[in-house]
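Structure file entry.cif with mmCIF, C-alpha atoms:
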data_query
loop_
_atom_site.label_atom_id
_atom_site.label_comp_id
_atom_site.auth_asym_id
_atom_site.auth_seq_id
_atom_site.Cartn_x
_atom_site.Cartn_y
_atom_site.Cartn_z
CA LEU A 116 4.66 22.76 -11.11
CA GLY A 117 4.07 26.27 -9.94
CA PRO A 118 6.36 28.40 -7.80
CA SER A 119 4.77 27.26 -4.54
CA THR A 120 5.80 23.64 -5.02
CA ALA A 121 8.62 23.42 -7.52
CA SER A 122 11.25 24.87 -5.19
CA ALA A 123 10.41 22.78 -2.15
CA PRO A 124 13.38 20.57 -1.21
CA GLY A 125 11.16 17.86 0.21
CA LEU A 126 8.86 17.61 -2.81
CA ALA A 127 11.30 15.58 -4.89
CA ALA A 128 11.61 13.05 -2.10
CA MET A 129 7.83 12.92 -1.72
CA ILE A 130 7.33 12.26 -5.43
CA ALA A 131 10.09 9.64 -5.38
CA LEU A 132 8.40 7.84 -2.50
CA THR A 133 5.08 8.00 -4.32
CA LEU A 134 6.56 6.52 -7.49
CA ALA A 135 8.32 3.84 -5.49
CA MET A 136 5.07 2.90 -3.78
CA LEU A 137 3.23 2.82 -7.09
CA SER A 138 5.80 0.39 -8.46
CA PHE A 139 5.68 -1.87 -5.41
CA ASN A 140 4.97 -5.49 -6.28
CA GLN A 141 4.11 -7.66 -3.34
CA PRO A 142 5.66 -11.14 -3.27
CA LYS A 143 3.35 -14.07 -3.80
CA GLY A 144 4.50 -15.81 -0.65
CA ALA A 145 2.66 -15.82 2.61
CA ILE A 146 2.55 -12.58 4.58
CA PRO A 147 2.62 -12.70 8.37
CA GLY A 148 -0.63 -11.73 9.99
CA SER A 149 -2.58 -11.53 6.76
CA SER A 150 -4.74 -13.71 4.57
CA ARG A 151 -4.82 -14.25 0.83
CA THR A 152 -8.56 -14.10 0.36
CA ASN A 153 -10.93 -11.19 -0.20
CA MET A 154 -11.38 -9.64 3.24
CA ALA A 155 -13.91 -12.22 4.41
CA VAL A 156 -14.64 -12.62 8.11
CA ARG A 157 -11.55 -14.13 9.73
CA GLY A 158 -10.72 -15.43 13.15
CA SER A 159 -9.91 -13.04 16.00
CA ASN A 160 -6.38 -14.45 16.26
CA GLU A 161 -5.33 -12.82 12.98
CA PHE A 162 -3.81 -9.35 12.89
CA ALA A 163 -6.57 -6.80 12.16
CA TYR A 164 -8.95 -9.74 11.75
CA GLY A 165 -7.22 -10.71 8.52
CA LEU A 166 -7.87 -7.46 6.67
CA PRO A 167 -5.43 -6.54 3.87
CA GLY A 168 -2.76 -3.93 4.54
CA VAL A 169 -0.04 -6.10 6.10
CA THR A 170 3.02 -6.15 3.83
CA PRO A 171 6.47 -7.74 4.29
CA PHE A 172 7.76 -4.37 5.45
CA PRO A 173 6.99 -3.30 8.13
CA GLY A 174 4.79 -6.35 8.75
CA PRO A 175 1.97 -6.19 11.32
CA PHE A 176 2.34 -2.56 12.43
CA ASP A 177 0.46 -1.40 15.51
CA PRO A 178 2.95 0.37 17.81
CA ALA A 179 0.20 1.95 19.92
CA GLY A 180 -1.51 -1.39 20.47
CA LEU A 181 -4.88 -0.12 19.27
CA LEU A 182 -5.84 -3.47 17.76
CA ALA A 183 -5.07 -5.54 20.84
CA GLU A 184 -8.50 -5.19 22.45
CA ALA A 185 -10.55 -3.67 19.62
CA PRO A 186 -13.55 -5.75 18.49
CA LYS A 187 -13.98 -6.68 14.85
CA GLU A 188 -16.76 -4.11 14.31
CA THR A 189 -14.47 -1.31 15.48
CA VAL A 190 -11.52 -2.48 13.38
CA TYR A 191 -13.76 -2.64 10.31
CA LEU A 192 -14.95 0.92 11.01
CA TRP A 193 -11.33 2.08 11.23
CA ARG A 194 -10.54 0.38 7.94
CA GLU A 195 -13.57 1.94 6.26
CA ALA A 196 -12.39 5.37 7.40
CA GLU A 197 -8.80 4.67 6.36
CA ILE A 198 -9.57 3.45 2.87
CA THR A 199 -12.13 6.22 2.24
CA HIS A 200 -9.75 8.97 3.31
CA GLY A 201 -6.91 7.29 1.42
CA ARG A 202 -8.89 7.38 -1.81
CA VAL A 203 -9.72 11.05 -1.28
CA GLY A 204 -6.08 11.72 -0.43
CA MET A 205 -4.85 10.14 -3.66
CA LEU A 206 -7.22 12.27 -5.73
CA ALA A 207 -6.30 15.39 -3.75
CA ALA A 208 -2.54 14.86 -4.03
CA ALA A 209 -2.73 14.19 -7.76
CA GLY A 210 -4.97 17.21 -8.30
CA PHE A 211 -2.76 19.49 -6.24
CA LEU A 212 0.32 18.58 -8.28
CA VAL A 213 -1.38 18.73 -11.68
CA GLN A 214 -3.64 21.76 -11.42
CA GLU A 215 -0.96 24.44 -11.35
CA SER A 216 0.15 23.61 -14.90
CA PHE A 217 -3.10 22.14 -16.27
CA HIS A 218 -6.42 23.76 -15.37
CA PRO A 219 -8.55 24.16 -18.50
CA LEU A 220 -11.77 25.04 -16.66
CA PHE A 221 -13.21 28.49 -15.98
CA GLY A 222 -11.71 30.15 -19.05
CA GLY A 223 -8.25 30.61 -17.60
CA ARG A 224 -9.49 32.77 -14.74
CA VAL A 225 -7.98 30.43 -12.13
CA THR A 226 -4.23 31.06 -11.99
CA GLY A 227 -1.26 31.05 -9.65
CA PRO A 228 -0.15 28.54 -7.01
CA ALA A 229 -2.50 25.65 -6.31
CA ILE A 230 -3.20 26.82 -2.77
CA ASP A 231 -4.60 30.09 -4.19
CA HIS A 232 -7.02 28.42 -6.61
CA ILE A 233 -9.77 27.80 -4.05
CA PRO A 234 -10.94 31.43 -3.60
CA GLN A 235 -10.85 31.94 -7.38
CA ILE A 236 -13.33 29.16 -8.16
CA PRO A 237 -16.87 30.39 -8.99
CA PRO A 238 -19.52 29.71 -6.31
CA PHE A 239 -21.59 27.55 -8.68
CA PHE A 240 -18.76 25.00 -8.82
CA TRP A 241 -18.98 24.52 -5.05
CA PHE A 242 -22.68 23.71 -5.39
CA VAL A 243 -21.94 21.10 -8.07
CA LEU A 244 -19.04 19.71 -6.03
CA SER A 245 -21.14 19.48 -2.84
CA LEU A 246 -23.93 17.78 -4.75
CA GLY A 247 -21.50 15.24 -6.22
CA ILE A 248 -19.99 14.50 -2.81
CA GLY A 249 -23.46 14.13 -1.31
CA ILE A 250 -24.48 11.62 -3.98
CA CYS A 251 -21.31 9.58 -3.49
CA GLU A 252 -21.65 9.56 0.29
CA THR A 253 -25.33 8.64 0.11
CA TYR A 254 -24.46 5.67 -2.09
CA ARG A 255 -21.65 4.60 0.27
CA VAL A 256 -23.95 4.76 3.29
CA GLN A 257 -26.64 2.75 1.55
CA VAL A 258 -24.18 0.06 0.50
CA GLY A 259 -22.16 -0.35 3.68
CA TRP A 260 -23.84 1.17 6.72
CA ALA A 261 -26.55 -0.33 8.90
CA ASP A 262 -29.87 1.53 9.01
CA PRO A 263 -30.69 2.42 12.62
CA ARG A 264 -34.32 3.18 11.79
CA THR A 265 -36.89 0.64 12.97
CA PRO A 266 -40.72 0.68 13.08
CA SER A 267 -40.51 1.57 16.77
CA GLY A 268 -37.93 4.32 16.36
CA MET A 269 -34.17 4.65 16.25
CA ASP A 270 -32.11 1.67 17.37
CA SER A 271 -29.02 3.12 19.06
CA SER A 272 -27.21 -0.22 18.85
CA ARG A 273 -27.17 0.06 15.05
CA GLN A 274 -25.98 3.66 14.86
CA PHE A 275 -22.54 4.16 13.31
CA LYS A 276 -22.33 0.46 12.46
CA LEU A 277 -21.39 -1.25 9.22
CA LYS A 278 -23.61 -3.92 7.75
CA PRO A 279 -22.54 -7.40 8.94
CA ASP A 280 -21.96 -8.63 5.39
CA TYR A 281 -20.16 -5.48 4.19
CA THR A 282 -16.44 -5.55 3.43
CA PRO A 283 -14.77 -2.18 4.18
CA GLY A 284 -14.14 -0.28 0.97
CA ASP A 285 -15.99 -2.72 -1.29
CA LEU A 286 -18.75 -0.59 -2.77
CA GLY A 287 -19.41 -2.92 -5.68
CA TRP A 288 -18.38 -0.20 -8.13
CA ASP A 289 -16.17 -1.59 -10.87
CA PRO A 290 -17.48 -0.21 -14.21
CA LEU A 291 -14.36 -1.28 -16.10
CA GLY A 292 -14.29 -4.79 -14.66
CA LEU A 293 -10.76 -4.41 -13.30
CA LYS A 294 -11.28 -6.37 -10.07
CA PRO A 295 -9.35 -9.65 -10.48
CA SER A 296 -10.85 -12.99 -9.57
CA ASP A 297 -7.48 -14.39 -8.47
CA PRO A 298 -7.24 -13.87 -4.67
CA ASP A 299 -3.45 -13.40 -4.79
CA LEU A 300 -3.70 -10.62 -7.36
CA LEU A 301 -6.64 -9.06 -5.55
CA LEU A 302 -4.71 -8.95 -2.28
CA GLU A 303 -1.76 -7.38 -4.08
CA LEU A 304 -3.96 -4.62 -5.52
CA GLN A 305 -5.70 -4.05 -2.18
CA ASN A 306 -2.35 -3.58 -0.46
CA LYS A 307 -1.19 -1.21 -3.18
CA GLU A 308 -4.34 0.87 -2.78
CA LEU A 309 -3.94 1.02 0.99
CA ASN A 310 -0.24 1.88 0.86
CA ASN A 311 -0.71 4.57 -1.75
CA GLY A 312 -3.66 5.97 0.16
CA ARG A 313 -1.66 6.13 3.38
CA LEU A 314 1.18 7.91 1.61
CA ALA A 315 -1.23 10.26 -0.17
CA MET A 316 -2.83 11.37 3.10
CA PHE A 317 0.57 12.43 4.41
CA GLY A 318 1.49 13.85 1.00
CA ILE A 319 -1.51 16.16 0.62
CA LEU A 320 -1.16 17.26 4.24
CA GLY A 321 2.46 18.19 3.56
CA LEU A 322 1.65 19.98 0.30
CA ILE A 323 -1.09 22.08 1.88
CA THR A 324 0.98 22.87 4.98
CA GLU A 325 4.01 23.80 2.91
CA SER A 326 2.02 26.06 0.60
CA ALA A 327 -0.13 27.78 3.20
#
Could you render the structure as structure tokens?
Amino acid sequence: LGPSTASAPGLAAMIALTLAMLSFNQPKGAIPGSSRTNMAVRGSNEFAYGLPGVTPFPGPFDPAGLLAEAPKETVYLWREAEITHGRVGMLAAAGFLVQESFHPLFGGRVTGPAIDHIPQIPPFFWFVLSLGIGICETYRVQVGWADPRTPSGMDSSRQFKLKPDYTPGDLGWDPLGLKPSDPDLLLELQNKELNNGRLAMFGILGLITESA
């Protein structure tokens, strides 16, 4: 790591927590407030409508009571936002930690602490990056989001809504065929992804704040 991160007293603890979360293996027993199937539509009496993310510790966690009166459509929107930002956070945290010591692009012109790399990147890269993000987001919208356009105009009731048959985070993209068919194993991997994503969002926020 570079000088901006290697000396931080809290970084070792952050990495230790990350490694601990990565090695977390969820028990096969029943989990309060959760279900062992693949995020299908559940009853309203289940915590977060049965979505994954409830683990033995801390269990059903909603100290602000946001889920008490929230309808299923809203909870699914929250989960879509959480899992999307968690995936971005995991990539960002890994990139932030790796890029100071390994950055083979741009002929070695990008140097120094990770926080200082952004202004050194050539403008063309930002065009390619923006195009890539746009393609990914367009695909995600087409897969999971309802189309508010109708022959008679825009239907406001369908704006900012997920498709009824869409499972938050399930974009159908599994080129390596890693998604297990066993519901217990699938739930375990879903919880790992959520937990690591939650930690990564805090982690990248801390890394950027500490380095700025």
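Remark: for A:Val169, the closest of the candidate residues A:Glu188, A:Asp262, A:Asp231, A:Glu303 is A:Glu303 (distances computed over all atoms listed in the file).
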Find the residues around A:Asp177 up to 12 Å (all atoms listed in the file counted), leave out those fewer than 5 positions away in its own chain, and share them as a list of chain:residue names.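 Counting all atoms listed in the file, the residues come to A:Gly148, A:Phe162, A:Ala163, A:Gly168, A:Val169, A:Leu182, A:Ala183, A:Glu184, A:Ala185.
Using all atoms listed in the file, the smallest distance between any of A:Pro266, A:Pro283, A:Gly249, A:Ser326 and A:His232 comes from A:Ser326.
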Name the residues that the PyMOL selection byres ((chain A and resi 317) around 12) picks from the file above, as a PDB file with C-alpha atoms, keeping the file's coordinate frame, using the file's chain letters and numbers.
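Result file expr14.pdb:
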ATOM      1  CA  MET A 129       7.830  12.920  -1.720  1.00  0.00           C
ATOM      2  CA  ILE A 130       7.330  12.260  -5.430  1.00  0.00           C
ATOM      3  CA  LEU A 132       8.400   7.840  -2.500  1.00  0.00           C
ATOM      4  CA  THR A 133       5.080   8.000  -4.320  1.00  0.00           C
ATOM      5  CA  HIS A 200      -9.750   8.970   3.310  1.00  0.00           C
ATOM      6  CA  GLY A 201      -6.910   7.290   1.420  1.00  0.00           C
ATOM      7  CA  VAL A 203      -9.720  11.050  -1.280  1.00  0.00           C
ATOM      8  CA  GLY A 204      -6.080  11.720  -0.430  1.00  0.00           C
ATOM      9  CA  MET A 205      -4.850  10.140  -3.660  1.00  0.00           C
ATOM     10  CA  ALA A 207      -6.300  15.390  -3.750  1.00  0.00           C
ATOM     11  CA  ALA A 208      -2.540  14.860  -4.030  1.00  0.00           C
ATOM     12  CA  ASN A 310      -0.240   1.880   0.860  1.00  0.00           C
ATOM     13  CA  ASN A 311      -0.710   4.570  -1.750  1.00  0.00           C
ATOM     14  CA  GLY A 312      -3.660   5.970   0.160  1.00  0.00           C
ATOM     15  CA  ARG A 313      -1.660   6.130   3.380  1.00  0.00           C
ATOM     16  CA  LEU A 314       1.180   7.910   1.610  1.00  0.00           C
ATOM     17  CA  ALA A 315      -1.230  10.260  -0.170  1.00  0.00           C
ATOM     18  CA  MET A 316      -2.830  11.370   3.100  1.00  0.00           C
ATOM     19  CA  GLY A 318       1.490  13.850   1.000  1.00  0.00           C
ATOM     20  CA  ILE A 319      -1.510  16.160   0.620  1.00  0.00           C
ATOM     21  CA  LEU A 320      -1.160  17.260   4.240  1.00  0.00           C
ATOM     22  CA  GLY A 321       2.460  18.190   3.560  1.00  0.00           C
ATOM     23  CA  LEU A 322       1.650  19.980   0.300  1.00  0.00           C
ATOM     24  CA  ILE A 323      -1.090  22.080   1.880  1.00  0.00           C
ATOM     25  CA  THR A 324       0.980  22.870   4.980  1.00  0.00           C
ATOM     26  CA  GLU A 325       4.010  23.800   2.910  1.00  0.00           C
TER      27      GLU A 325
END
In terms of all atoms listed in the file, the residue from A:Tyr281, A:Leu286, A:Met269, A:Phe221 at minimal distance from A:Phe239 is A:Phe221
- Task: Tell me which residues the PyMOL selection byres ((chain A and resi 251-261) around 10) grabs here, as a PyMOL selection string.
- Result: chain A and resi 192+195+199+245-250+262-264+272-287
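Distance-wise, atom CA of A:Ala229 and atom CA of A:Lys307 end up 27.1 Å apart.
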* What's the 10 Å shell around stretch 288-294 of chain A, counting all atoms listed in the file, without same-chain residues fewer than 4 positions away, as a ChimeraX atom specification? -> /A:300-301,304-305
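Of note, atom CA of A:Arg202 and atom CA of A:Asn306 are spaced 12.8 Å apart.
Our summary of the geometry notes that atom CA of A:Glu308 is positioned 10.0 Å from atom CA of A:Pro167.
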Box in all listed atoms of stretch 225-228 of chain A, axis-aligned, with 6 Å more on each side; write out centre and edge lengths in Å to one decimal as lines of an AutoDock Vina configuration file.
center_x = -4.1
center_y = 29.8
center_z = -9.6
size_x = 19.8
size_y = 14.5
size_z = 17.1
Please produce stretch 290-301 of chain A, completed to all heavy atoms, as a compact mmCIF listing (two decimals), in the coordinates of the input.
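Output saved as selection_0.txt:
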# COMPACT_ATOMS: atom_id res chain seq x y z
N PRO A 290 -16.90 -0.32 -12.85
CA PRO A 290 -17.48 -0.21 -14.21
C PRO A 290 -16.58 -0.75 -15.31
O PRO A 290 -17.08 -1.14 -16.36
CB PRO A 290 -17.71 1.29 -14.36
CG PRO A 290 -16.75 1.93 -13.41
CD PRO A 290 -16.66 0.99 -12.25
N LEU A 291 -15.27 -0.78 -15.08
CA LEU A 291 -14.36 -1.28 -16.10
C LEU A 291 -14.02 -2.76 -15.93
O LEU A 291 -13.25 -3.31 -16.72
CB LEU A 291 -13.06 -0.45 -16.09
CG LEU A 291 -13.22 1.04 -16.38
CD1 LEU A 291 -11.88 1.75 -16.33
CD2 LEU A 291 -13.89 1.27 -17.73
N GLY A 292 -14.55 -3.38 -14.88
CA GLY A 292 -14.29 -4.79 -14.66
C GLY A 292 -12.84 -5.11 -14.36
O GLY A 292 -12.32 -6.14 -14.79
N LEU A 293 -12.18 -4.25 -13.58
CA LEU A 293 -10.76 -4.41 -13.30
C LEU A 293 -10.49 -5.31 -12.09
O LEU A 293 -9.35 -5.74 -11.90
CB LEU A 293 -10.11 -3.04 -13.06
CG LEU A 293 -10.19 -2.05 -14.23
CD1 LEU A 293 -9.57 -0.72 -13.82
CD2 LEU A 293 -9.51 -2.61 -15.46
N LYS A 294 -11.50 -5.57 -11.28
CA LYS A 294 -11.28 -6.37 -10.07
C LYS A 294 -10.94 -7.81 -10.47
O LYS A 294 -11.72 -8.48 -11.13
CB LYS A 294 -12.53 -6.36 -9.20
CG LYS A 294 -12.36 -7.13 -7.90
CD LYS A 294 -13.62 -7.05 -7.05
CE LYS A 294 -13.48 -7.83 -5.76
NZ LYS A 294 -14.71 -7.75 -4.92
N PRO A 295 -9.75 -8.29 -10.08
CA PRO A 295 -9.35 -9.65 -10.48
C PRO A 295 -10.08 -10.71 -9.66
O PRO A 295 -10.46 -10.49 -8.51
CB PRO A 295 -7.85 -9.67 -10.20
CG PRO A 295 -7.67 -8.68 -9.10
CD PRO A 295 -8.70 -7.61 -9.32
N SER A 296 -10.24 -11.86 -10.28
CA SER A 296 -10.85 -12.99 -9.57
C SER A 296 -9.83 -13.81 -8.80
O SER A 296 -10.18 -14.55 -7.88
CB SER A 296 -11.59 -13.90 -10.57
OG SER A 296 -10.70 -14.35 -11.58
N ASP A 297 -8.55 -13.67 -9.16
CA ASP A 297 -7.48 -14.39 -8.47
C ASP A 297 -7.25 -13.75 -7.11
O ASP A 297 -6.92 -12.55 -7.03
CB ASP A 297 -6.20 -14.33 -9.31
CG ASP A 297 -5.03 -15.02 -8.61
OD1 ASP A 297 -5.26 -15.94 -7.82
OD2 ASP A 297 -3.87 -14.59 -8.86
N PRO A 298 -7.40 -14.48 -6.00
CA PRO A 298 -7.24 -13.87 -4.67
C PRO A 298 -5.85 -13.31 -4.41
O PRO A 298 -5.71 -12.33 -3.68
CB PRO A 298 -7.58 -15.02 -3.71
CG PRO A 298 -7.44 -16.27 -4.50
CD PRO A 298 -7.77 -15.90 -5.91
N ASP A 299 -4.80 -13.93 -4.98
CA ASP A 299 -3.45 -13.40 -4.79
C ASP A 299 -3.30 -12.03 -5.43
O ASP A 299 -2.75 -11.09 -4.84
CB ASP A 299 -2.42 -14.36 -5.39
CG ASP A 299 -2.26 -15.63 -4.57
OD1 ASP A 299 -2.38 -15.55 -3.33
OD2 ASP A 299 -2.04 -16.70 -5.16
N LEU A 300 -3.78 -11.90 -6.66
CA LEU A 300 -3.70 -10.62 -7.36
C LEU A 300 -4.59 -9.59 -6.71
O LEU A 300 -4.21 -8.40 -6.60
CB LEU A 300 -4.08 -10.82 -8.83
CG LEU A 300 -4.01 -9.57 -9.73
CD1 LEU A 300 -2.61 -8.96 -9.69
CD2 LEU A 300 -4.40 -9.92 -11.15
N LEU A 301 -5.76 -10.00 -6.23
CA LEU A 301 -6.64 -9.06 -5.55
C LEU A 301 -6.01 -8.52 -4.28
O LEU A 301 -6.06 -7.32 -4.01
CB LEU A 301 -7.97 -9.75 -5.23
CG LEU A 301 -9.00 -8.90 -4.47
CD1 LEU A 301 -9.36 -7.65 -5.26
CD2 LEU A 301 -10.24 -9.72 -4.15
